[in-house]
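Here is the structure we will look at.
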Amino acid sequence: MELLVQFISENLTMIYILVFIIFLGTEVISNVPTVLHTPLMSGANAISGVVIIGAVLLIRQASSDNYLILILGFFGIMLAMINVAGGFAVTNRMLEMFKKKKK
């Protein structure tokens with residue numbers, strides 16, 4: 001418990017920034033028009049690709065007994081891969097709506 005309190009007290013500014021970014025991101029995404037959804041989804045996929053690369057580099061540099069970094073890197077890769085796959089599926093589905101129907 002002491003480690004958790006110490007971690008929070010040392011990183012309080014980062015926690016405030018994280019909470020602020022969560023609220024800001026939710027507000028920005030909820031106000032995006034439908035027309036801009038596909039380009040933004042492509043951008044989000046690119047950002048998730050960068051997250052995957054960063055997580056792989058994090059895991060490569062971690063020592064084998066540092067389980068916290070290994071677990072965080074694993075979850076970073078897993079969640080970013082889900083985001084990339086889901087983003088491409090949604091983008092593909094939206095682009096299908098603009099194709100002409102075969103008669």
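Identifiers in the structure tokens: chain A, B, ... in order shown; residue index from 1 per chain; ligand index from 1 in order shown.
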Please build the interface table for region 12-53 of chain A against region 77-93 of chain A with a cut-off of 8 Å, listing for each qualifying residue the nearest atom pair and the distance in Å to one decimal; count only C-alpha atoms, order rows by chain and increasing number, and write it as JSON lines.
```
{"residue": "A:Thr38", "atom": "CA", "partner": "A:Thr91", "partner_atom": "CA", "distance": 5.7}
{"residue": "A:Met41", "atom": "CA", "partner": "A:Gly87", "partner_atom": "CA", "distance": 6.1}
{"residue": "A:Ser42", "atom": "CA", "partner": "A:Gly87", "partner_atom": "CA", "distance": 7.3}
{"residue": "A:Ala44", "atom": "CA", "partner": "A:Gly87", "partner_atom": "CA", "distance": 7.7}
{"residue": "A:Asn45", "atom": "CA", "partner": "A:Val84", "partner_atom": "CA", "distance": 5.1}
{"residue": "A:Ser48", "atom": "CA", "partner": "A:Ala80", "partner_atom": "CA", "distance": 5.2}
{"residue": "A:Gly49", "atom": "CA", "partner": "A:Ala80", "partner_atom": "CA", "distance": 7.1}
{"residue": "A:Val51", "atom": "CA", "partner": "A:Ala80", "partner_atom": "CA", "distance": 6.5}
{"residue": "A:Ile52", "atom": "CA", "partner": "A:Ile77", "partner_atom": "CA", "distance": 5.1}
```
How about saving the chosen residues, N, CA and C atoms kept, as a CSV table (one decimal), in the first residue's frame?
```csv
chain,number,residue,atom,x,y,z
A,38,THR,N,-14.0,8.6,-41.1
A,38,THR,CA,-13.1,7.7,-41.7
A,38,THR,C,-11.7,8.2,-41.8
A,41,MET,N,-10.3,7.8,-38.3
A,41,MET,CA,-10.0,6.4,-37.9
A,41,MET,C,-8.7,6.0,-38.5
A,42,SER,N,-8.4,6.4,-39.7
A,42,SER,CA,-7.1,6.1,-40.3
A,42,SER,C,-6.0,6.7,-39.5
A,44,ALA,N,-6.0,7.4,-36.3
A,44,ALA,CA,-6.0,6.6,-35.1
A,44,ALA,C,-5.3,5.3,-35.3
A,45,ASN,N,-5.5,4.7,-36.4
A,45,ASN,CA,-4.8,3.4,-36.7
A,45,ASN,C,-3.3,3.7,-36.8
A,48,SER,N,-1.9,4.0,-33.3
A,48,SER,CA,-1.8,2.7,-32.7
A,48,SER,C,-0.7,1.9,-33.2
A,49,GLY,N,-0.3,2.1,-34.4
A,49,GLY,CA,0.9,1.4,-35.0
A,49,GLY,C,2.1,1.9,-34.3
A,51,VAL,N,2.2,3.0,-31.2
A,51,VAL,CA,2.1,2.4,-29.9
A,51,VAL,C,2.6,1.0,-29.9
A,52,ILE,N,2.3,0.3,-30.9
A,52,ILE,CA,2.8,-1.1,-31.0
A,52,ILE,C,4.3,-1.1,-31.1
```
Write out as an NGL selection string the residues lying within 9 Å of Val56 (chain A), counting only C-alpha atoms and excluding same-chain residues fewer than 6 positions away. :A and (73-74 or 76-77)
Pick from A:Ile22, A:Leu57, A:Val35, A:Leu70 nearest to Met94 (chain A), counting only C-alpha atoms: A:Val35
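A straight line drawn from CA of Tyr16 (chain A) to CA of Asn66 (chain A) is 26.2 Å long.
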Which of chain A counts as helix (DSSP H, G or I) under DSSP, as a PyMOL selection string please? chain A and resi 2-10+12-30+34-61+67-97
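What separates CA of Pro33 (chain A) from CA of Phe20 (chain A) is a distance of 22.6 Å.
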